[in-house]
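**Student:** What follows is a structure written as structure tokens; I'll ask about it next.
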There are 2 protein chains.
Amino acid sequence: MPFKTKISMLLLQSLDGIIAKTQGDNLNWGSVEDKEHFRSKTKQIGTMIMGSNLYKVMPEHTFDQRKTFVLTSNPARFEPKKDIEFFSGSPLELVEKLTESGIKEAALVGGGLVYGSFLKANLVDEIWVTIAPKIFADGIFGYGKEKLDINLEIIGTYTLGENEILAHYRIKK
Amino acid sequence: MPFKTKISMLLLQSLDGIIAKTQGDNLNWGSVEDKEHFRSKTKQIGTMIMGSNLYKVMPEHTFDQRKTFVLTSNPARFEPKKDIEFFSGSPLELVEKLTESGIKEAALVGGGLVYGSFLKANLVDEIWVTIAPKIFADGIFGYGKEKLDINLEIIGTYTLGENEILAHYRIKK
């Protein structure tokens, strides 16, 4: 295969790896600057991948000017929408589909089980993680439920807002 | 009380908040620079607090030139050693004891349940966290087992080794 769609995982987490205090958390503990980072980065990439639980709580404007693939075991359950595709295959099958469609990069935006399944399948190439100045110790964990042993390489670190760290990593294969 | 002993939590974690892959992990996934940071920072602070599980696996040289308080429900179980005190009280009682002894600062060095109990009791003032370029998704979590809602403020961020982020936070009270 001449190329594989690059998968860039985007997430906002607490220092301890929690991405939501509860299901449907509105993430108001993240900064305005992080929301702007999310919007501009996903628009620049052009394609998003998310799980169906996250899809259900995402505000409508999240999908503007971006093509979205929603992973679900039951696509028929969802109302068809422009630029949104419901996909019932595996993470690998989705990436193969994106690659065959000539999509160069897709932003993997959650939630935790979806992040975990792509990481476990070794499909993620880069991570943009915003580390919010919070510790929750309880909630929805950002990296799934299966043991991983992933090595990262820093591409860059930045600050966002007053107290957030934005780290850009490459996953060593 | 004119002052309270400042408690500075020091930890090495993966991006996802894991501090050890298994009990007794030798932490060889942390950099030489992080080990040097740990040694110089704890020597500079002069006093360490740790749990008894961690104490049992710490190499002897960890205790050079530092006074150590080991939290254990059963102090009689341990062989007395110079500059090492076994303490069976609560985190608050230990901090009060340190304060009464005129100790200005102590380094809280783990493990996860000890970190969690000091955080839960609102006794931690600062955190020095080294974020290793690793994702484990499974192992010993660095922040205990109880829900927290802690707000942090960045004092400084640095890089350690090639791919580690060292973040210094103040806990907002």
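Convention: chains lettered A, B, ... in structure tokens order; per-chain residue numbering from 1; ligands numbered from 1 as shown.
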Please superimpose chain B on chain A using every C-alpha atom, paired by order, in a least-squares fit, and write the moved chain as a short mmCIF file (atom, residue, chain, number, x, y, z; two decimals) with N, CA and C atoms, in the first residue's frame.

**Tutor:**
data_model
loop_
_atom_site.label_atom_id
_atom_site.label_comp_id
_atom_site.auth_asym_id
_atom_site.auth_seq_id
_atom_site.Cartn_x
_atom_site.Cartn_y
_atom_site.Cartn_z
N MET B 1 0.88 -1.18 0.06
CA MET B 1 0.03 0.01 0.04
C MET B 1 0.92 1.25 0.02
N PRO B 2 0.69 2.16 -0.91
CA PRO B 2 1.60 3.31 -1.01
C PRO B 2 1.53 4.20 0.23
N PHE B 3 0.37 4.31 0.85
CA PHE B 3 0.27 5.11 2.09
C PHE B 3 -0.88 4.57 2.92
N LYS B 4 -0.86 4.92 4.20
CA LYS B 4 -1.97 4.61 5.09
C LYS B 4 -2.46 5.94 5.66
N THR B 5 -3.75 6.09 5.79
CA THR B 5 -4.30 7.31 6.41
C THR B 5 -3.64 7.52 7.76
N LYS B 6 -3.09 8.69 7.96
CA LYS B 6 -2.47 9.01 9.26
C LYS B 6 -3.57 9.24 10.29
N ILE B 7 -3.46 8.57 11.42
CA ILE B 7 -4.45 8.74 12.49
C ILE B 7 -3.85 9.58 13.61
N SER B 8 -4.44 10.74 13.82
CA SER B 8 -3.98 11.65 14.87
C SER B 8 -5.02 11.68 15.98
N MET B 9 -4.63 11.17 17.13
CA MET B 9 -5.53 11.13 18.28
C MET B 9 -5.51 12.50 18.96
N LEU B 10 -6.69 13.07 19.18
CA LEU B 10 -6.80 14.36 19.89
C LEU B 10 -7.54 14.11 21.18
N LEU B 11 -6.97 14.55 22.29
CA LEU B 11 -7.75 14.41 23.53
C LEU B 11 -7.41 15.49 24.54
N LEU B 12 -8.40 15.74 25.37
CA LEU B 12 -8.25 16.61 26.55
C LEU B 12 -8.35 15.68 27.75
N GLN B 13 -7.32 15.68 28.59
CA GLN B 13 -7.34 14.81 29.77
C GLN B 13 -6.89 15.59 31.00
N SER B 14 -7.25 15.06 32.17
CA SER B 14 -6.68 15.56 33.41
C SER B 14 -5.25 15.02 33.51
N LEU B 15 -4.49 15.52 34.46
CA LEU B 15 -3.12 15.02 34.64
C LEU B 15 -3.10 13.51 34.81
N ASP B 16 -4.16 12.96 35.36
CA ASP B 16 -4.22 11.53 35.64
C ASP B 16 -4.98 10.73 34.57
N GLY B 17 -5.11 11.28 33.36
CA GLY B 17 -5.60 10.46 32.24
C GLY B 17 -7.11 10.29 32.14
N ILE B 18 -7.86 11.12 32.87
CA ILE B 18 -9.33 11.04 32.81
C ILE B 18 -9.82 12.02 31.73
N ILE B 19 -10.71 11.56 30.85
CA ILE B 19 -11.20 12.43 29.77
C ILE B 19 -12.63 12.94 30.02
N ALA B 20 -13.31 12.37 31.00
CA ALA B 20 -14.65 12.85 31.34
C ALA B 20 -14.95 12.42 32.77
N LYS B 21 -15.54 13.33 33.54
CA LYS B 21 -15.86 12.98 34.93
C LYS B 21 -16.99 11.96 34.96
N THR B 22 -17.92 12.10 34.03
CA THR B 22 -19.03 11.16 33.90
C THR B 22 -19.38 11.10 32.41
N GLN B 23 -20.17 10.14 32.01
CA GLN B 23 -20.67 10.08 30.64
C GLN B 23 -21.45 11.36 30.34
N GLY B 24 -21.10 12.03 29.25
CA GLY B 24 -21.84 13.24 28.90
C GLY B 24 -21.30 14.51 29.55
N ASP B 25 -20.19 14.41 30.27
CA ASP B 25 -19.48 15.56 30.85
C ASP B 25 -19.31 16.63 29.75
N ASN B 26 -19.67 17.87 30.05
CA ASN B 26 -19.53 18.91 29.01
C ASN B 26 -18.12 19.48 28.90
N LEU B 27 -17.19 18.92 29.66
CA LEU B 27 -15.76 19.28 29.59
C LEU B 27 -15.51 20.76 29.85
N ASN B 28 -16.33 21.35 30.70
CA ASN B 28 -16.13 22.78 31.00
C ASN B 28 -14.88 23.02 31.84
N TRP B 29 -14.18 21.93 32.21
CA TRP B 29 -12.90 22.07 32.91
C TRP B 29 -11.74 22.25 31.92
N GLY B 30 -12.02 22.18 30.63
CA GLY B 30 -11.00 22.49 29.63
C GLY B 30 -11.09 23.98 29.28
N SER B 31 -10.03 24.53 28.76
CA SER B 31 -9.99 25.97 28.48
C SER B 31 -10.66 26.30 27.15
N VAL B 32 -11.01 27.55 26.97
CA VAL B 32 -11.50 28.06 25.69
C VAL B 32 -10.42 27.82 24.61
N GLU B 33 -9.16 28.00 24.99
CA GLU B 33 -8.07 27.80 24.04
C GLU B 33 -8.00 26.35 23.58
N ASP B 34 -8.30 25.40 24.46
CA ASP B 34 -8.31 24.00 24.03
C ASP B 34 -9.45 23.74 23.05
N LYS B 35 -10.61 24.33 23.31
CA LYS B 35 -11.73 24.16 22.38
C LYS B 35 -11.37 24.72 21.00
N GLU B 36 -10.69 25.87 20.99
CA GLU B 36 -10.26 26.48 19.73
C GLU B 36 -9.21 25.59 19.04
N HIS B 37 -8.31 25.02 19.82
CA HIS B 37 -7.32 24.08 19.28
C HIS B 37 -8.03 22.88 18.64
N PHE B 38 -9.02 22.34 19.35
CA PHE B 38 -9.77 21.18 18.82
C PHE B 38 -10.44 21.54 17.49
N ARG B 39 -11.11 22.70 17.48
CA ARG B 39 -11.84 23.10 16.28
C ARG B 39 -10.91 23.33 15.10
N SER B 40 -9.82 24.06 15.34
CA SER B 40 -8.96 24.38 14.20
C SER B 40 -8.19 23.15 13.73
N LYS B 41 -7.76 22.31 14.66
CA LYS B 41 -7.01 21.12 14.27
C LYS B 41 -7.90 20.13 13.49
N THR B 42 -9.13 19.91 13.98
CA THR B 42 -10.00 18.96 13.28
C THR B 42 -10.44 19.52 11.93
N LYS B 43 -10.65 20.84 11.84
CA LYS B 43 -10.99 21.43 10.53
C LYS B 43 -9.82 21.29 9.57
N GLN B 44 -8.64 21.52 10.07
CA GLN B 44 -7.44 21.41 9.23
C GLN B 44 -7.27 19.97 8.73
N ILE B 45 -7.49 19.00 9.61
CA ILE B 45 -7.37 17.59 9.22
C ILE B 45 -8.53 17.20 8.30
N GLY B 46 -9.72 17.69 8.60
CA GLY B 46 -10.85 17.52 7.68
C GLY B 46 -11.74 16.33 7.93
N THR B 47 -11.21 15.30 8.59
CA THR B 47 -11.97 14.08 8.85
C THR B 47 -11.86 13.72 10.32
N MET B 48 -12.98 13.33 10.93
CA MET B 48 -12.96 12.90 12.33
C MET B 48 -13.50 11.48 12.45
N ILE B 49 -12.98 10.77 13.45
CA ILE B 49 -13.50 9.44 13.82
C ILE B 49 -13.93 9.53 15.27
N MET B 50 -15.13 9.06 15.57
CA MET B 50 -15.56 9.04 16.97
C MET B 50 -16.48 7.86 17.24
N GLY B 51 -16.64 7.54 18.51
CA GLY B 51 -17.56 6.49 18.90
C GLY B 51 -18.99 7.02 18.98
N SER B 52 -19.95 6.13 19.00
CA SER B 52 -21.34 6.56 18.95
C SER B 52 -21.81 7.20 20.26
N ASN B 53 -21.23 6.82 21.40
CA ASN B 53 -21.62 7.49 22.65
C ASN B 53 -21.21 8.95 22.62
N LEU B 54 -20.02 9.21 22.11
CA LEU B 54 -19.56 10.59 22.02
C LEU B 54 -20.40 11.36 21.00
N TYR B 55 -20.68 10.70 19.86
CA TYR B 55 -21.49 11.35 18.82
C TYR B 55 -22.81 11.88 19.39
N LYS B 56 -23.42 11.06 20.26
CA LYS B 56 -24.74 11.43 20.79
C LYS B 56 -24.72 12.69 21.65
N VAL B 57 -23.57 13.02 22.24
CA VAL B 57 -23.52 14.20 23.12
C VAL B 57 -22.79 15.39 22.49
N MET B 58 -22.27 15.22 21.27
CA MET B 58 -21.52 16.30 20.63
C MET B 58 -22.48 17.37 20.11
N PRO B 59 -22.20 18.65 20.40
CA PRO B 59 -23.06 19.70 19.84
C PRO B 59 -22.95 19.73 18.30
N GLU B 60 -24.02 20.15 17.68
CA GLU B 60 -24.16 20.13 16.21
C GLU B 60 -22.98 20.79 15.49
N HIS B 61 -22.52 21.93 16.03
CA HIS B 61 -21.48 22.69 15.32
C HIS B 61 -20.15 21.95 15.25
N THR B 62 -19.99 20.90 16.06
CA THR B 62 -18.75 20.11 16.01
C THR B 62 -18.52 19.52 14.63
N PHE B 63 -19.61 19.36 13.87
CA PHE B 63 -19.50 18.64 12.60
C PHE B 63 -19.35 19.55 11.39
N ASP B 64 -19.41 20.87 11.62
CA ASP B 64 -19.25 21.84 10.52
C ASP B 64 -17.92 21.65 9.80
N GLN B 65 -17.97 21.65 8.50
CA GLN B 65 -16.75 21.65 7.67
C GLN B 65 -15.81 20.47 7.96
N ARG B 66 -16.36 19.39 8.52
CA ARG B 66 -15.56 18.18 8.74
C ARG B 66 -16.40 16.97 8.35
N LYS B 67 -15.73 15.97 7.78
CA LYS B 67 -16.40 14.71 7.50
C LYS B 67 -16.21 13.82 8.73
N THR B 68 -17.26 13.13 9.15
CA THR B 68 -17.18 12.35 10.38
C THR B 68 -17.57 10.89 10.16
N PHE B 69 -16.77 10.00 10.71
CA PHE B 69 -17.10 8.57 10.73
C PHE B 69 -17.40 8.19 12.18
N VAL B 70 -18.59 7.63 12.38
CA VAL B 70 -19.02 7.24 13.72
C VAL B 70 -19.01 5.72 13.80
N LEU B 71 -18.26 5.19 14.75
CA LEU B 71 -18.21 3.74 14.94
C LEU B 71 -19.41 3.30 15.77
N THR B 72 -20.16 2.36 15.24
CA THR B 72 -21.32 1.85 15.97
C THR B 72 -21.61 0.44 15.49
N SER B 73 -22.09 -0.38 16.41
CA SER B 73 -22.44 -1.74 16.00
C SER B 73 -23.76 -1.75 15.25
N ASN B 74 -24.47 -0.63 15.30
CA ASN B 74 -25.80 -0.60 14.71
C ASN B 74 -26.08 0.69 13.94
N PRO B 75 -25.51 0.84 12.73
CA PRO B 75 -25.67 2.07 11.95
C PRO B 75 -27.13 2.43 11.68
N ALA B 76 -28.00 1.42 11.59
CA ALA B 76 -29.40 1.67 11.23
C ALA B 76 -30.12 2.49 12.31
N ARG B 77 -29.55 2.49 13.50
CA ARG B 77 -30.17 3.20 14.63
C ARG B 77 -30.09 4.73 14.47
N PHE B 78 -29.19 5.19 13.58
CA PHE B 78 -28.94 6.63 13.48
C PHE B 78 -29.58 7.25 12.24
N GLU B 79 -30.06 8.44 12.41
CA GLU B 79 -30.64 9.22 11.32
C GLU B 79 -29.51 9.66 10.38
N PRO B 80 -29.68 9.42 9.07
CA PRO B 80 -28.62 9.81 8.14
C PRO B 80 -28.41 11.33 8.17
N LYS B 81 -27.16 11.74 8.05
CA LYS B 81 -26.85 13.18 8.01
C LYS B 81 -25.75 13.42 7.00
N LYS B 82 -25.76 14.59 6.43
CA LYS B 82 -24.74 14.99 5.46
C LYS B 82 -23.35 14.95 6.11
N ASP B 83 -22.40 14.36 5.40
CA ASP B 83 -21.01 14.33 5.86
C ASP B 83 -20.78 13.50 7.13
N ILE B 84 -21.80 12.70 7.51
CA ILE B 84 -21.61 11.82 8.66
C ILE B 84 -21.90 10.40 8.21
N GLU B 85 -20.93 9.49 8.47
CA GLU B 85 -21.12 8.11 8.06
C GLU B 85 -21.04 7.22 9.29
N PHE B 86 -21.99 6.28 9.39
CA PHE B 86 -22.02 5.35 10.52
C PHE B 86 -21.41 4.04 10.06
N PHE B 87 -20.43 3.55 10.80
CA PHE B 87 -19.60 2.44 10.33
C PHE B 87 -19.58 1.36 11.40
N SER B 88 -19.85 0.12 10.98
CA SER B 88 -19.94 -0.94 11.99
C SER B 88 -18.75 -1.89 11.98
N GLY B 89 -17.71 -1.60 11.20
CA GLY B 89 -16.55 -2.49 11.16
C GLY B 89 -15.55 -2.22 12.28
N SER B 90 -14.40 -2.86 12.19
CA SER B 90 -13.35 -2.70 13.20
C SER B 90 -12.55 -1.42 12.91
N PRO B 91 -11.75 -0.98 13.88
CA PRO B 91 -10.86 0.16 13.63
C PRO B 91 -9.98 -0.07 12.39
N LEU B 92 -9.42 -1.27 12.25
CA LEU B 92 -8.57 -1.54 11.08
C LEU B 92 -9.36 -1.42 9.78
N GLU B 93 -10.57 -1.97 9.77
CA GLU B 93 -11.40 -1.87 8.57
C GLU B 93 -11.73 -0.41 8.22
N LEU B 94 -11.94 0.39 9.25
CA LEU B 94 -12.23 1.80 8.99
C LEU B 94 -11.01 2.50 8.40
N VAL B 95 -9.84 2.24 8.97
CA VAL B 95 -8.63 2.89 8.46
C VAL B 95 -8.36 2.43 7.02
N GLU B 96 -8.60 1.17 6.73
CA GLU B 96 -8.43 0.68 5.35
C GLU B 96 -9.40 1.39 4.40
N LYS B 97 -10.61 1.57 4.86
CA LYS B 97 -11.62 2.26 4.05
C LYS B 97 -11.20 3.72 3.78
N LEU B 98 -10.70 4.39 4.82
CA LEU B 98 -10.25 5.78 4.66
C LEU B 98 -9.07 5.85 3.70
N THR B 99 -8.16 4.88 3.85
CA THR B 99 -6.98 4.84 2.98
C THR B 99 -7.41 4.64 1.53
N GLU B 100 -8.33 3.70 1.32
CA GLU B 100 -8.81 3.45 -0.04
C GLU B 100 -9.54 4.68 -0.63
N SER B 101 -10.13 5.47 0.26
CA SER B 101 -10.81 6.69 -0.20
C SER B 101 -9.84 7.84 -0.44
N GLY B 102 -8.55 7.60 -0.18
CA GLY B 102 -7.55 8.64 -0.43
C GLY B 102 -7.48 9.70 0.65
N ILE B 103 -8.05 9.41 1.83
CA ILE B 103 -8.01 10.39 2.93
C ILE B 103 -6.64 10.32 3.60
N LYS B 104 -5.94 11.44 3.62
CA LYS B 104 -4.55 11.45 4.09
C LYS B 104 -4.43 11.38 5.61
N GLU B 105 -5.39 11.99 6.31
CA GLU B 105 -5.30 12.06 7.77
C GLU B 105 -6.69 12.12 8.37
N ALA B 106 -6.86 11.50 9.52
CA ALA B 106 -8.12 11.60 10.24
C ALA B 106 -7.82 11.84 11.71
N ALA B 107 -8.69 12.64 12.35
CA ALA B 107 -8.55 12.96 13.77
C ALA B 107 -9.42 11.98 14.57
N LEU B 108 -8.77 11.24 15.45
CA LEU B 108 -9.49 10.31 16.32
C LEU B 108 -9.84 11.08 17.59
N VAL B 109 -11.15 11.28 17.83
CA VAL B 109 -11.53 12.22 18.89
C VAL B 109 -12.26 11.59 20.09
N GLY B 110 -12.31 10.26 20.16
CA GLY B 110 -12.83 9.63 21.37
C GLY B 110 -14.09 8.82 21.15
N GLY B 111 -14.65 8.33 22.26
CA GLY B 111 -14.20 8.41 23.65
C GLY B 111 -13.11 7.40 24.01
N GLY B 112 -13.02 7.12 25.28
CA GLY B 112 -11.94 6.32 25.84
C GLY B 112 -11.81 4.93 25.25
N LEU B 113 -12.92 4.26 25.03
CA LEU B 113 -12.85 2.89 24.50
C LEU B 113 -12.41 2.90 23.05
N VAL B 114 -12.82 3.94 22.32
CA VAL B 114 -12.41 4.07 20.92
C VAL B 114 -10.91 4.39 20.85
N TYR B 115 -10.45 5.32 21.67
CA TYR B 115 -9.01 5.57 21.73
C TYR B 115 -8.26 4.26 22.02
N GLY B 116 -8.73 3.56 23.05
CA GLY B 116 -8.06 2.32 23.46
C GLY B 116 -8.02 1.29 22.36
N SER B 117 -9.11 1.15 21.61
CA SER B 117 -9.13 0.11 20.57
C SER B 117 -8.21 0.46 19.40
N PHE B 118 -8.12 1.72 19.05
CA PHE B 118 -7.18 2.12 17.99
C PHE B 118 -5.73 1.99 18.45
N LEU B 119 -5.47 2.33 19.72
CA LEU B 119 -4.10 2.18 20.24
C LEU B 119 -3.71 0.70 20.28
N LYS B 120 -4.63 -0.12 20.79
CA LYS B 120 -4.37 -1.56 20.90
C LYS B 120 -4.08 -2.17 19.53
N ALA B 121 -4.79 -1.68 18.51
CA ALA B 121 -4.60 -2.20 17.15
C ALA B 121 -3.42 -1.54 16.43
N ASN B 122 -2.69 -0.70 17.16
CA ASN B 122 -1.48 -0.07 16.62
C ASN B 122 -1.78 0.79 15.39
N LEU B 123 -2.91 1.49 15.42
CA LEU B 123 -3.34 2.27 14.26
C LEU B 123 -3.10 3.78 14.44
N VAL B 124 -2.68 4.18 15.63
CA VAL B 124 -2.51 5.63 15.89
C VAL B 124 -1.08 6.04 15.56
N ASP B 125 -0.95 7.17 14.84
CA ASP B 125 0.38 7.65 14.45
C ASP B 125 0.86 8.79 15.34
N GLU B 126 -0.05 9.69 15.67
CA GLU B 126 0.34 10.84 16.49
C GLU B 126 -0.73 11.11 17.54
N ILE B 127 -0.32 11.76 18.62
CA ILE B 127 -1.27 12.16 19.67
C ILE B 127 -1.09 13.65 19.96
N TRP B 128 -2.20 14.36 19.96
CA TRP B 128 -2.23 15.75 20.46
C TRP B 128 -3.00 15.69 21.76
N VAL B 129 -2.29 15.80 22.88
CA VAL B 129 -2.99 15.68 24.17
C VAL B 129 -2.89 16.99 24.94
N THR B 130 -4.04 17.48 25.35
CA THR B 130 -4.09 18.65 26.22
C THR B 130 -4.22 18.14 27.64
N ILE B 131 -3.26 18.50 28.48
CA ILE B 131 -3.28 18.07 29.87
C ILE B 131 -3.81 19.22 30.70
N ALA B 132 -5.07 19.07 31.12
CA ALA B 132 -5.70 20.12 31.93
C ALA B 132 -5.14 20.08 33.34
N PRO B 133 -5.14 21.23 34.02
CA PRO B 133 -4.58 21.30 35.39
C PRO B 133 -5.58 20.77 36.42
N LYS B 134 -5.92 19.51 36.27
CA LYS B 134 -6.94 18.87 37.10
C LYS B 134 -6.48 17.46 37.48
N ILE B 135 -6.93 17.00 38.63
CA ILE B 135 -6.78 15.59 39.01
C ILE B 135 -8.16 15.12 39.45
N PHE B 136 -8.64 14.05 38.83
CA PHE B 136 -9.97 13.52 39.17
C PHE B 136 -9.90 12.14 39.85
N ALA B 137 -8.94 11.32 39.44
CA ALA B 137 -8.74 10.00 40.01
C ALA B 137 -9.92 9.05 39.81
N ASP B 138 -10.93 9.51 39.12
CA ASP B 138 -12.12 8.70 38.94
C ASP B 138 -12.86 9.30 37.74
N GLY B 139 -13.46 8.47 36.92
CA GLY B 139 -14.17 8.97 35.74
C GLY B 139 -13.87 8.07 34.56
N ILE B 140 -14.02 8.64 33.36
CA ILE B 140 -13.80 7.86 32.14
C ILE B 140 -12.35 8.02 31.73
N PHE B 141 -11.67 6.89 31.73
CA PHE B 141 -10.23 6.86 31.46
C PHE B 141 -10.00 6.96 29.95
N GLY B 142 -8.97 7.70 29.55
CA GLY B 142 -8.78 8.00 28.13
C GLY B 142 -8.14 6.93 27.28
N TYR B 143 -7.76 5.80 27.86
CA TYR B 143 -6.94 4.87 27.09
C TYR B 143 -7.48 3.44 27.07
N GLY B 144 -8.79 3.32 27.28
CA GLY B 144 -9.40 2.01 27.16
C GLY B 144 -9.18 1.13 28.37
N LYS B 145 -9.46 -0.16 28.19
CA LYS B 145 -9.45 -1.07 29.33
C LYS B 145 -8.42 -2.18 29.18
N GLU B 146 -7.64 -2.12 28.09
CA GLU B 146 -6.67 -3.19 27.89
C GLU B 146 -5.26 -2.67 28.06
N LYS B 147 -4.42 -3.52 28.61
CA LYS B 147 -3.01 -3.22 28.83
C LYS B 147 -2.33 -2.80 27.52
N LEU B 148 -1.51 -1.77 27.58
CA LEU B 148 -0.76 -1.31 26.42
C LEU B 148 0.70 -1.16 26.82
N ASP B 149 1.58 -1.09 25.85
CA ASP B 149 2.97 -0.73 26.14
C ASP B 149 3.48 0.10 24.98
N ILE B 150 3.07 1.36 25.00
CA ILE B 150 3.31 2.26 23.87
C ILE B 150 4.43 3.24 24.21
N ASN B 151 5.32 3.42 23.24
CA ASN B 151 6.43 4.36 23.38
C ASN B 151 6.17 5.59 22.52
N LEU B 152 6.36 6.74 23.14
CA LEU B 152 6.08 8.01 22.46
C LEU B 152 7.37 8.81 22.27
N GLU B 153 7.30 9.69 21.32
CA GLU B 153 8.40 10.60 21.06
C GLU B 153 7.78 12.00 21.00
N ILE B 154 8.36 12.96 21.69
CA ILE B 154 7.78 14.31 21.68
C ILE B 154 8.09 15.01 20.36
N ILE B 155 7.05 15.52 19.71
CA ILE B 155 7.25 16.38 18.54
C ILE B 155 7.31 17.83 19.01
N GLY B 156 6.47 18.18 19.97
CA GLY B 156 6.49 19.54 20.50
C GLY B 156 5.64 19.65 21.75
N THR B 157 5.96 20.60 22.60
CA THR B 157 5.09 20.89 23.75
C THR B 157 4.81 22.39 23.77
N TYR B 158 3.60 22.72 24.18
CA TYR B 158 3.14 24.10 24.14
C TYR B 158 2.33 24.35 25.40
N THR B 159 2.02 25.60 25.69
CA THR B 159 1.04 25.85 26.74
C THR B 159 -0.23 26.38 26.09
N LEU B 160 -1.33 26.05 26.69
CA LEU B 160 -2.65 26.51 26.23
C LEU B 160 -3.32 27.15 27.44
N GLY B 161 -4.01 28.25 27.22
CA GLY B 161 -4.68 28.90 28.34
C GLY B 161 -3.64 29.23 29.40
N GLU B 162 -4.05 29.23 30.65
CA GLU B 162 -3.10 29.60 31.69
C GLU B 162 -2.32 28.42 32.22
N ASN B 163 -2.97 27.27 32.29
CA ASN B 163 -2.34 26.17 33.02
C ASN B 163 -2.41 24.82 32.33
N GLU B 164 -2.67 24.84 31.02
CA GLU B 164 -2.72 23.58 30.28
C GLU B 164 -1.42 23.34 29.52
N ILE B 165 -1.06 22.08 29.43
CA ILE B 165 0.08 21.68 28.61
C ILE B 165 -0.49 20.97 27.38
N LEU B 166 -0.08 21.40 26.19
CA LEU B 166 -0.46 20.69 24.97
C LEU B 166 0.79 19.97 24.49
N ALA B 167 0.73 18.65 24.46
CA ALA B 167 1.89 17.86 24.02
C ALA B 167 1.55 17.15 22.72
N HIS B 168 2.46 17.21 21.78
CA HIS B 168 2.29 16.55 20.49
C HIS B 168 3.31 15.42 20.41
N TYR B 169 2.81 14.19 20.35
CA TYR B 169 3.68 13.02 20.35
C TYR B 169 3.57 12.23 19.04
N ARG B 170 4.63 11.59 18.65
CA ARG B 170 4.60 10.57 17.62
C ARG B 170 4.66 9.22 18.33
N ILE B 171 3.88 8.24 17.86
CA ILE B 171 3.96 6.90 18.44
C ILE B 171 5.06 6.12 17.73
N LYS B 172 5.99 5.61 18.51
CA LYS B 172 7.07 4.80 17.93
C LYS B 172 6.51 3.44 17.56
N LYS B 173 6.77 3.00 16.33
CA LYS B 173 6.21 1.71 15.89
C LYS B 173 7.26 0.62 16.02
#

**Student:** Using DSSP assignments from the backbone, pull out every residue in chain A that falls under alpha helix (DSSP H) and give it to me as a VMD selection string.

**Tutor:** chain A and resid 32 to 45 52 to 57 91 to 100 112 to 120

**Student:** Can you pull out every residue from segment 19-139 of chain B that DSSP, working from the backbone, puts in strand (DSSP E or B), and format the result as number ranges by chain?

**Tutor:** B: 19-20, 47-51, 67-71, 81, 84-87, 105-108, 126-132, 134-135

**Student:** Would you save the residues from that selection as a JSON list (two decimals), in the first residue's frame, using C-alpha atoms?

**Tutor:**
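Written file, selection-v9.json:
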[["chain", "number", "residue", "atom", "x", "y", "z"],
["B", 19, "ILE", "CA", 3.31, 4.92, 38.20],
["B", 20, "ALA", "CA", 4.25, 1.23, 38.06],
["B", 47, "THR", "CA", 12.83, 14.65, 54.20],
["B", 48, "MET", "CA", 10.84, 11.95, 52.39],
["B", 49, "ILE", "CA", 7.48, 10.34, 53.11],
["B", 50, "MET", "CA", 6.64, 6.97, 51.59],
["B", 51, "GLY", "CA", 4.38, 3.98, 52.06],
["B", 67, "LYS", "CA", 15.36, 11.56, 56.61],
["B", 68, "THR", "CA", 12.51, 9.19, 55.78],
["B", 69, "PHE", "CA", 9.09, 8.62, 57.32],
["B", 70, "VAL", "CA", 7.46, 5.34, 56.33],
["B", 71, "LEU", "CA", 3.71, 5.01, 56.77],
["B", 81, "LYS", "CA", 17.36, 2.09, 60.87],
["B", 84, "ILE", "CA", 14.18, 6.14, 59.06],
["B", 85, "GLU", "CA", 11.04, 6.39, 61.16],
["B", 86, "PHE", "CA", 8.03, 4.07, 60.89],
["B", 87, "PHE", "CA", 4.77, 5.89, 61.56],
["B", 105, "GLU", "CA", 9.25, 20.69, 53.53],
["B", 106, "ALA", "CA", 8.87, 17.00, 52.87],
["B", 107, "ALA", "CA", 8.87, 15.07, 49.58],
["B", 108, "LEU", "CA", 5.94, 12.69, 49.21],
["B", 126, "GLU", "CA", 3.04, 21.17, 45.14],
["B", 127, "ILE", "CA", 3.52, 18.40, 42.59],
["B", 128, "TRP", "CA", 6.66, 17.63, 40.58],
["B", 129, "VAL", "CA", 5.47, 15.16, 37.97],
["B", 130, "THR", "CA", 7.64, 13.58, 35.32],
["B", 131, "ILE", "CA", 5.49, 12.42, 32.41],
["B", 132, "ALA", "CA", 7.31, 9.58, 30.70],
["B", 134, "LYS", "CA", 4.70, 5.84, 27.69],
["B", 135, "ILE", "CA", 1.10, 4.64, 27.72]]
